[in-house]
Amino acid sequence: MAKVSPYSALPRLWLVDETMTCIDAILPIGSCIMEIASRQTANSNAGAKSDTPWLPRSEYPRPQFARADWLCLNGEWEFEIDRHGLRDRDQFAARMLDSTIMVPFAPESALSGIGIQDFLEVVWYRRAVDIPAAWAGKRVLLHFQACDYDTTVWVNGVEVGRHRGGFTPFEFDITDAITGNGPTVILVRAKDGHDVPQARGKQSDRFENYEAYYTRTTGIWQTVWLEPVDATHLSRPRITPNVQEGTFRVEAPLVGSVHGAELEIVVSDGGDEIVRRTIRPEPGSGADLTLQIPADRRRSWSPESPHLYDIDFVLRSNGRVVDRVSSYGGLRSIAIDGKRILLNGEPLFQRLVLDQGWYPDGLMTAPTEADLIRDIEIAQEAGFNGARLHQKVFEERYLYHADRLGYLVWGEFADWGARVSGKQTPTASFITQWVEVLERDYSHPAVVGWCPLNETFEVITDEITDLDDVTRGMYRVTKAIDEHRPVIDASGYSHRVDGADVYDSHNYEQDPATFARQMGGLAEGHPYVNAAPDGRAWSVPYRGQPYFCSEFGGIWWSTTDGPGTESWGYGDAPRTIEEWYERADGLFSVLVSDPGMFGYCFTQLTDVFQEKNGIFTFDRKPKFDLARIRAIQNRPAAIEFGSSVPHPRSTAPSD
C-alpha cells in the first residue's frame, strides 16, 4: 500500500497565471504577475477552463500599494466550528478539520458553503501551501485583508502573530516558520464574542436579525494572500496632493537596512513619464520628497474628471533592485471655508447616500468585484455624487473604484457594539483599529472626510465617561494622522469634541413641512441637534462649523410585502409610489435650498434584509424611476451660490 502524505487531503492551492487564468497546482511554481496598469480590474477568473474550480475574489487586493509577485489563498480551506470551547491549538493542529469552507466568505454566508448563522464564538481554518521555489531567499508575508475578530495564526505549529479587530488588514512575516520540508501548514483561529464590547458594525447581537442589525460575520471575510519581499523593502507610502502648487508629497517608509539604498519614483500620466526623482533615504526616516507635476500636465481630480496619475517606486540596495511598488494619486484639495466645504477651491454640495455594503449571499463580502463597481455606478445613476460608507470599513478595491469613478466617500469605522448593558463602553482597541483604517486609506483621493463614530448616544453629565475619552481620542488621532481632511467626531447624537471640524444631525422626520421647521434654525446658529427623548443633551453645542444632515429619508417602499417589523422604514409608510416621490421631493428640497447646508446623506442605497427603505432592492434592482430621483437631487444647491434658491417641484414623471 502506497504511503499517503498527511497533507494530501488538505485543500489544494489555486494560482493565477500571467493571463489571469486559474491553474491547478499542488506545488505552486509561479505566481501571479499583476496587470499594474489596470490595477487588475478585470475578473481574474476570466478565461478559465470549464474544469477549473471557482477561485473567488482573486483580483489583487491592495491596488494602491501593488507588487507584481503574490499568491491568492482564496478558495477551499478546512474549517471547523469550535462548539465545545476547546480553543486549544493542539486540539486542531494535528488532524483534519470537520468541514470545508470557501474563503473569503464568512461561514454565516451562503457563498461560504457553510451557511450557519448561529453564534460562532470560535472558528478554525487550516490549509497547506507550497511556497514557490522562486521565493527562496525572500521574506514571506501572510496577509489577511479582514478577519473578525480576535485572530491568532500558526504556521507549521509556530505562532506567527495575533490581531484584534474585524475590519482592517494585517500581515505576519512567516519566513522563520517555513521549514522547507513539505507543505507549509497554516492554522487560523478566530474568536468572535457577542456579549462583550467590540466593534461589530451592524452585526446582530441577537440570534436573529432585527431593526437595523443584520446577520453576523465571523472569521475570514476578505482575501488571504502571500507575497515575497526582500529584507529591505517599502512600507505603504503616504501620498498627499497639493493642488495649488501642483505637487505630490510622498512619504515612503522603509523596512530593513537603508545602508546603500536608493529610491527612484516615477510619475506617469496616460503612459507618459512626466516626473522622475531619486533619493537616498536617511537611516530611520525613509524617504520624504515632493514631486512637481509639470504645469501642462496638471489635471485636478473631481467627480466630473477623476484624473489619476500613476506613481511607481523602485528601491535599490547597492545597485540591486530589491523592491518595486506601483501606486497612484489624484490632485485634489479639501478645505473648509466658513460653513462650506470646498473641493479644489470651489464649493461642492455633497449629495451622499448611505451605503452599508451588505449582499444577500455574501453578507459583508461582495460576491465579485463587479458588485463593488455596480454599487458605485447605480448610486451615480440615481444622482448621488458620493456616499457615507456606513458602519463598515469597505475593502480597498472599492476605494480604488471610487477613485477611478470620481465618487466621494466619507470613511467610517464600524463602531456599533460598544453599548453593553445599556452603557457605552468603547475600548482602547477602537482607537487602535481606527488608526489602521487611517493608515490604509490616507492616500485615496475619493476619501473626503472621516467619521470615527456613529450614533453613540449618551447623556452628558458631570462625569467624564469612556465614551468621552474614546471620542476625543479617535478625533485627535485622526487629526494627527491626517491634517488635510475634515473630521466629524461622531455622526449624529453624541458630539463630544467642542469645535470639531464638522457638526451634523440625523433626522428621520417624514413630513416635509415639519422637517423644514426642525431643520430651519441653521441660519441663526441654532441647527437641529439630536437629544435624548427626555430632552437632555447628548452633545456639546454647535459652534458655527460646516453642518449637514447626515441621515434622513429612510422611506419604506416594497412591492413584495407590507410594512412591519420584517419590512420596515421610518415613519408612516407611503400608500402609493407617488406619495413616496412627493415625500422624498419635499425632504430633499429642504436641505438643498438651505444656504448653510453643505450636503446631505440619504438613507439608503439598497434594502438590507428587513430594512425596506432603499432606492434599490437588496439584489440591486431599482425600485423607482431613477430619472425622477436624479431630478429631485440635481437642482442647484443654495450653499454653492451663497443664498437660498427656489426649489420647484421636481417629481413630474420622466418621458
# chains A, B, ... in the order shown; residues from 1 in each chain; ligands from 1
>>> closest_atom_pairs(of="stretch 551-655 of chain A", to="stretch 321-339 of chain A", cutoff="12 Å", atoms="only C-alpha atoms", output="JSON lines")
{"residue": "A:Asp594", "atom": "CA", "partner": "A:Lys339", "partner_atom": "CA", "distance": 11.4}
{"residue": "A:Pro595", "atom": "CA", "partner": "A:Lys339", "partner_atom": "CA", "distance": 9.0}
{"residue": "A:Gly596", "atom": "CA", "partner": "A:Lys339", "partner_atom": "CA", "distance": 6.2}
{"residue": "A:Met597", "atom": "CA", "partner": "A:Lys339", "partner_atom": "CA", "distance": 7.5}
{"residue": "A:Phe598", "atom": "CA", "partner": "A:Lys339", "partner_atom": "CA", "distance": 7.0}
{"residue": "A:Gly599", "atom": "CA", "partner": "A:Lys339", "partner_atom": "CA", "distance": 10.6}
{"residue": "A:Ala638", "atom": "CA", "partner": "A:Lys339", "partner_atom": "CA", "distance": 11.9}
{"residue": "A:Ile639", "atom": "CA", "partner": "A:Lys339", "partner_atom": "CA", "distance": 8.5}
{"residue": "A:Glu640", "atom": "CA", "partner": "A:Lys339", "partner_atom": "CA", "distance": 10.8}
{"residue": "A:Gly642", "atom": "CA", "partner": "A:Lys339", "partner_atom": "CA", "distance": 10.3}
>>> residues_around(residues="stretch 463-474 of chain A", least_positions_apart="6", cutoff="7 Å", atoms="only C-alpha atoms", output="list in words")
Gln424, Thr425, Pro426, Ile431, Pro452, Asp489, Arg496 and Val497 of chain A
>>> write_last_selection(atoms="N, CA, C and O atoms", output="mmCIF file, in the first residue's frame")
data_model
loop_
_atom_site.group_PDB
_atom_site.id
_atom_site.type_symbol
_atom_site.label_atom_id
_atom_site.label_comp_id
_atom_site.auth_asym_id
_atom_site.auth_seq_id
_atom_site.Cartn_x
_atom_site.Cartn_y
_atom_site.Cartn_z
ATOM 1 N N GLN A 424 -22.411 52.868 27.143
ATOM 2 C CA GLN A 424 -21.393 52.958 26.100
ATOM 3 C C GLN A 424 -20.012 52.704 26.715
ATOM 4 O O GLN A 424 -19.546 53.474 27.554
ATOM 5 N N THR A 425 -19.372 51.628 26.272
ATOM 6 C CA THR A 425 -18.054 51.279 26.821
ATOM 7 C C THR A 425 -17.075 50.926 25.710
ATOM 8 O O THR A 425 -16.542 49.806 25.661
ATOM 9 N N PRO A 426 -16.820 51.847 24.785
ATOM 10 C CA PRO A 426 -15.804 51.562 23.762
ATOM 11 C C PRO A 426 -14.445 51.383 24.423
ATOM 12 O O PRO A 426 -14.135 52.020 25.431
ATOM 13 N N ILE A 431 -9.647 52.690 19.100
ATOM 14 C CA ILE A 431 -8.671 53.657 18.602
ATOM 15 C C ILE A 431 -7.611 52.955 17.776
ATOM 16 O O ILE A 431 -7.241 53.413 16.683
ATOM 17 N N PRO A 452 -15.207 58.698 12.711
ATOM 18 C CA PRO A 452 -14.818 57.540 13.527
ATOM 19 C C PRO A 452 -15.966 56.846 14.258
ATOM 20 O O PRO A 452 -15.867 55.644 14.544
ATOM 21 N N ASP A 489 -16.574 64.217 14.852
ATOM 22 C CA ASP A 489 -16.253 63.353 15.991
ATOM 23 C C ASP A 489 -17.194 62.159 16.081
ATOM 24 O O ASP A 489 -16.766 61.053 16.420
ATOM 25 N N ARG A 496 -18.892 65.163 21.105
ATOM 26 C CA ARG A 496 -18.178 65.385 22.363
ATOM 27 C C ARG A 496 -16.898 66.210 22.198
ATOM 28 O O ARG A 496 -16.203 66.432 23.179
ATOM 29 N N VAL A 497 -16.579 66.616 20.980
ATOM 30 C CA VAL A 497 -15.389 67.429 20.741
ATOM 31 C C VAL A 497 -15.845 68.844 20.417
ATOM 32 O O VAL A 497 -16.414 69.096 19.351
#
>>> residues_around(residues="stretch 162-166 of chain A", least_positions_apart="2", cutoff="6 Å", atoms="only C-alpha atoms", output="count of residues only")
7
>>> closest_residue(among="A:Arg340, A:Lys392, A:Arg200, A:Arg126", to="A:Gly357", atoms="only C-alpha atoms")
A:Lys392
>>> atom_distance(atom1="atom CA of A:Ser567", atom2="atom CA of A:Gly553")
15.8 Å
>>> select_by_dssp(residues="stretch 200-408 of chain A", states="strand (DSSP E or B)", output="JSON, numbers by chain")
{"A": [203, 210, 213, 214, 219, 220, 224, 225, 226, 227, 228, 229, 233, 234, 238, 239, 240, 241, 242, 247, 248, 249, 250, 251, 252, 254, 255, 261, 262, 263, 264, 265, 266, 267, 268, 269, 272, 273, 274, 275, 276, 277, 278, 279, 282, 286, 287, 288, 289, 290, 291, 292, 300, 301, 306, 309, 310, 311, 312, 313, 314, 315, 316, 317, 320, 321, 322, 323, 324, 325, 326, 327, 328, 329, 331, 334, 335, 336, 337, 340, 341, 342, 343, 346, 347, 350, 351, 352, 353, 354, 355, 359, 363, 386, 387, 388, 389, 408]}
>>> residues_around(residues="A:Phe248", least_positions_apart="3", cutoff="6 Å", atoms="only C-alpha atoms", output="number ranges by chain")
A: 240-241, 290-291
>>> closest_residue(among="A:Val243, A:Ala516, A:Ile131, A:Ile481", to="A:Arg299", atoms="only C-alpha atoms")
A:Val243
>>> residues_around(residues="A:Arg517", least_positions_apart="5", cutoff="12 Å", atoms="only C-alpha atoms", output="number ranges by chain")
A: 507, 509, 511-512, 522, 526-528, 587, 590-591, 594
>>> residues_around(residues="stretch 365-382 of chain A", least_positions_apart="4", cutoff="6 Å", atoms="only C-alpha atoms", output="ChimeraX atom specification")
/A:57,398,626,629-630
>>> closest_residue(among="A:Phe172, A:Phe552, A:Tyr508, A:Phe430", to="A:Pro197", atoms="only C-alpha atoms")
A:Phe430
>>> atom_distance(atom1="atom CA of A:Val477", atom2="atom CA of A:Cys601")
25.0 Å
>>> residues_around(residues="A:Pro360", least_positions_apart="6", cutoff="12 Å", atoms="only C-alpha atoms", output="PyMOL selection string")
chain A and resi 108-111+115+214-215+366-367+371+606-610+617-620
>>> closest_residue(among="A:Gln391, A:Thr432, A:Gln350, A:Ser505", to="A:Tyr600", atoms="only C-alpha atoms")
A:Gln350
>>> select_by_dssp(residues="stretch 28-199 of chain A", states="helix (DSSP H, G or I)", output="list in words")
Ile36, Ala37, Ser38, Arg89, Asp90, Gln91, Ala110, Leu111, Ser112, Ala133, Ala134, Trp135, Thr175, Asp176 and Ala177 of chain A
>>> closest_residue(among="A:Leu363, A:Leu120, A:Ile279, A:Ile239", to="A:Ile311", atoms="only C-alpha atoms")
A:Ile239
>>> decode(residues="stretch 324-371 of chain A", atoms="N, CA and C atoms", output="mmCIF file, in the first residue's frame")
data_model
loop_
_atom_site.group_PDB
_atom_site.id
_atom_site.type_symbol
_atom_site.label_atom_id
_atom_site.label_comp_id
_atom_site.auth_asym_id
_atom_site.auth_seq_id
_atom_site.Cartn_x
_atom_site.Cartn_y
_atom_site.Cartn_z
ATOM 1 N N ARG A 324 9.844 46.731 -6.036
ATOM 2 C CA ARG A 324 9.102 47.544 -6.995
ATOM 3 C C ARG A 324 7.658 47.621 -6.524
ATOM 4 N N VAL A 325 7.137 48.822 -6.455
ATOM 5 C CA VAL A 325 5.770 49.042 -5.988
ATOM 6 C C VAL A 325 5.081 50.004 -6.937
ATOM 7 N N SER A 326 3.836 49.725 -7.235
ATOM 8 C CA SER A 326 3.021 50.600 -8.069
ATOM 9 C C SER A 326 1.926 51.233 -7.223
ATOM 10 N N SER A 327 1.722 52.537 -7.415
ATOM 11 C CA SER A 327 0.668 53.251 -6.705
ATOM 12 C C SER A 327 0.067 54.282 -7.655
ATOM 13 N N TYR A 328 -0.738 55.170 -7.110
ATOM 14 C CA TYR A 328 -1.335 56.236 -7.909
ATOM 15 C C TYR A 328 -1.809 57.329 -6.966
ATOM 16 N N GLY A 329 -2.106 58.494 -7.519
ATOM 17 C CA GLY A 329 -2.632 59.599 -6.733
ATOM 18 C C GLY A 329 -3.501 60.501 -7.575
ATOM 19 N N GLY A 330 -4.290 61.316 -6.894
ATOM 20 C CA GLY A 330 -5.128 62.301 -7.563
ATOM 21 C C GLY A 330 -4.877 63.675 -6.977
ATOM 22 N N LEU A 331 -4.751 64.684 -7.833
ATOM 23 C CA LEU A 331 -4.551 66.062 -7.391
ATOM 24 C C LEU A 331 -5.900 66.658 -7.011
ATOM 25 N N ARG A 332 -6.154 66.762 -5.726
ATOM 26 C CA ARG A 332 -7.382 67.404 -5.285
ATOM 27 C C ARG A 332 -7.183 67.930 -3.861
ATOM 28 N N SER A 333 -7.935 68.952 -3.528
ATOM 29 C CA SER A 333 -7.859 69.542 -2.194
ATOM 30 C C SER A 333 -9.236 69.545 -1.555
ATOM 31 N N ILE A 334 -9.249 69.438 -0.234
ATOM 32 C CA ILE A 334 -10.462 69.577 0.568
ATOM 33 C C ILE A 334 -10.188 70.667 1.586
ATOM 34 N N ALA A 335 -11.072 71.650 1.673
ATOM 35 C CA ALA A 335 -10.856 72.754 2.602
ATOM 36 C C ALA A 335 -12.188 73.231 3.160
ATOM 37 N N ILE A 336 -12.120 73.847 4.335
ATOM 38 C CA ILE A 336 -13.295 74.439 4.981
ATOM 39 C C ILE A 336 -13.231 75.949 4.818
ATOM 40 N N ASP A 337 -14.336 76.530 4.368
ATOM 41 C CA ASP A 337 -14.464 77.969 4.211
ATOM 42 C C ASP A 337 -15.778 78.387 4.850
ATOM 43 N N GLY A 338 -15.717 78.803 6.119
ATOM 44 C CA GLY A 338 -16.939 79.112 6.849
ATOM 45 C C GLY A 338 -17.784 77.870 7.015
ATOM 46 N N LYS A 339 -18.997 77.890 6.459
ATOM 47 C CA LYS A 339 -19.874 76.725 6.531
ATOM 48 C C LYS A 339 -19.767 75.841 5.292
ATOM 49 N N ARG A 340 -18.901 76.229 4.358
ATOM 50 C CA ARG A 340 -18.769 75.477 3.123
ATOM 51 C C ARG A 340 -17.572 74.536 3.192
ATOM 52 N N ILE A 341 -17.691 73.415 2.517
ATOM 53 C CA ILE A 341 -16.549 72.539 2.285
ATOM 54 C C ILE A 341 -16.222 72.623 0.800
ATOM 55 N N LEU A 342 -14.971 72.956 0.516
ATOM 56 C CA LEU A 342 -14.538 73.212 -0.848
ATOM 57 C C LEU A 342 -13.771 72.020 -1.397
ATOM 58 N N LEU A 343 -14.027 71.689 -2.636
ATOM 59 C CA LEU A 343 -13.234 70.716 -3.381
ATOM 60 C C LEU A 343 -12.479 71.482 -4.457
ATOM 61 N N ASN A 344 -11.158 71.433 -4.391
ATOM 62 C CA ASN A 344 -10.309 72.169 -5.341
ATOM 63 C C ASN A 344 -10.657 73.655 -5.364
ATOM 64 N N GLY A 345 -10.960 74.200 -4.175
ATOM 65 C CA GLY A 345 -11.215 75.625 -4.039
ATOM 66 C C GLY A 345 -12.613 76.071 -4.373
ATOM 67 N N GLU A 346 -13.489 75.161 -4.780
ATOM 68 C CA GLU A 346 -14.850 75.509 -5.166
ATOM 69 C C GLU A 346 -15.857 74.766 -4.291
ATOM 70 N N PRO A 347 -16.964 75.432 -3.924
ATOM 71 C CA PRO A 347 -17.982 74.725 -3.132
ATOM 72 C C PRO A 347 -18.629 73.613 -3.946
ATOM 73 N N LEU A 348 -18.747 72.483 -3.327
ATOM 74 C CA LEU A 348 -19.397 71.341 -3.976
ATOM 75 C C LEU A 348 -20.390 70.741 -2.995
ATOM 76 N N PHE A 349 -21.674 70.832 -3.319
ATOM 77 C CA PHE A 349 -22.700 70.263 -2.455
ATOM 78 C C PHE A 349 -22.585 68.744 -2.504
ATOM 79 N N GLN A 350 -22.464 68.142 -1.329
ATOM 80 C CA GLN A 350 -22.259 66.698 -1.249
ATOM 81 C C GLN A 350 -23.611 65.997 -1.184
ATOM 82 N N ARG A 351 -23.971 65.367 -2.286
ATOM 83 C CA ARG A 351 -25.219 64.609 -2.395
ATOM 84 C C ARG A 351 -24.895 63.148 -2.120
ATOM 85 N N LEU A 352 -24.878 62.797 -0.843
ATOM 86 C CA LEU A 352 -24.399 61.484 -0.425
ATOM 87 C C LEU A 352 -25.563 60.528 -0.193
ATOM 88 N N VAL A 353 -25.247 59.253 -0.319
ATOM 89 C CA VAL A 353 -26.205 58.201 0.009
ATOM 90 C C VAL A 353 -25.569 57.285 1.044
ATOM 91 N N LEU A 354 -26.381 56.772 1.942
ATOM 92 C CA LEU A 354 -25.903 55.826 2.944
ATOM 93 C C LEU A 354 -25.737 54.456 2.289
ATOM 94 N N ASP A 355 -24.523 53.953 2.280
ATOM 95 C CA ASP A 355 -24.230 52.642 1.686
ATOM 96 C C ASP A 355 -23.666 51.757 2.783
ATOM 97 N N GLN A 356 -24.358 50.637 3.056
ATOM 98 C CA GLN A 356 -23.942 49.748 4.126
ATOM 99 C C GLN A 356 -23.122 48.560 3.633
ATOM 100 N N GLY A 357 -23.102 48.326 2.320
ATOM 101 C CA GLY A 357 -22.202 47.334 1.761
ATOM 102 C C GLY A 357 -22.497 45.899 2.161
ATOM 103 N N TRP A 358 -23.785 45.524 2.210
ATOM 104 C CA TRP A 358 -24.168 44.138 2.500
ATOM 105 C C TRP A 358 -24.752 43.502 1.237
ATOM 106 N N TYR A 359 -24.638 42.173 1.165
ATOM 107 C CA TYR A 359 -25.082 41.423 -0.013
ATOM 108 C C TYR A 359 -25.860 40.186 0.453
ATOM 109 N N PRO A 360 -26.916 39.816 -0.260
ATOM 110 C CA PRO A 360 -27.757 38.702 0.198
ATOM 111 C C PRO A 360 -26.997 37.404 0.399
ATOM 112 N N ASP A 361 -26.058 37.079 -0.499
ATOM 113 C CA ASP A 361 -25.376 35.794 -0.408
ATOM 114 C C ASP A 361 -23.961 35.886 0.138
ATOM 115 N N GLY A 362 -23.380 37.082 0.173
ATOM 116 C CA GLY A 362 -22.018 37.243 0.672
ATOM 117 C C GLY A 362 -21.926 37.999 1.973
ATOM 118 N N LEU A 363 -23.066 38.533 2.453
ATOM 119 C CA LEU A 363 -23.108 39.366 3.660
ATOM 120 C C LEU A 363 -22.180 40.569 3.483
ATOM 121 N N MET A 364 -21.135 40.744 4.289
ATOM 122 C CA MET A 364 -20.275 41.913 4.136
ATOM 123 C C MET A 364 -19.277 41.767 2.995
ATOM 124 N N THR A 365 -19.202 40.601 2.379
ATOM 125 C CA THR A 365 -18.256 40.359 1.294
ATOM 126 C C THR A 365 -18.976 40.426 -0.046
ATOM 127 N N ALA A 366 -18.533 41.331 -0.907
ATOM 128 C CA ALA A 366 -19.106 41.386 -2.253
ATOM 129 C C ALA A 366 -18.792 40.093 -2.989
ATOM 130 N N PRO A 367 -19.794 39.463 -3.618
ATOM 131 C CA PRO A 367 -19.534 38.194 -4.309
ATOM 132 C C PRO A 367 -18.473 38.305 -5.387
ATOM 133 N N THR A 368 -18.455 39.422 -6.119
ATOM 134 C CA THR A 368 -17.479 39.631 -7.190
ATOM 135 C C THR A 368 -17.054 41.090 -7.170
ATOM 136 N N GLU A 369 -15.961 41.378 -7.862
ATOM 137 C CA GLU A 369 -15.544 42.769 -7.994
ATOM 138 C C GLU A 369 -16.581 43.578 -8.758
ATOM 139 N N ALA A 370 -17.266 42.960 -9.702
ATOM 140 C CA ALA A 370 -18.302 43.663 -10.456
ATOM 141 C C ALA A 370 -19.383 44.216 -9.534
ATOM 142 N N ASP A 371 -19.636 43.533 -8.407
ATOM 143 C CA ASP A 371 -20.628 44.024 -7.457
ATOM 144 C C ASP A 371 -20.177 45.327 -6.810
#
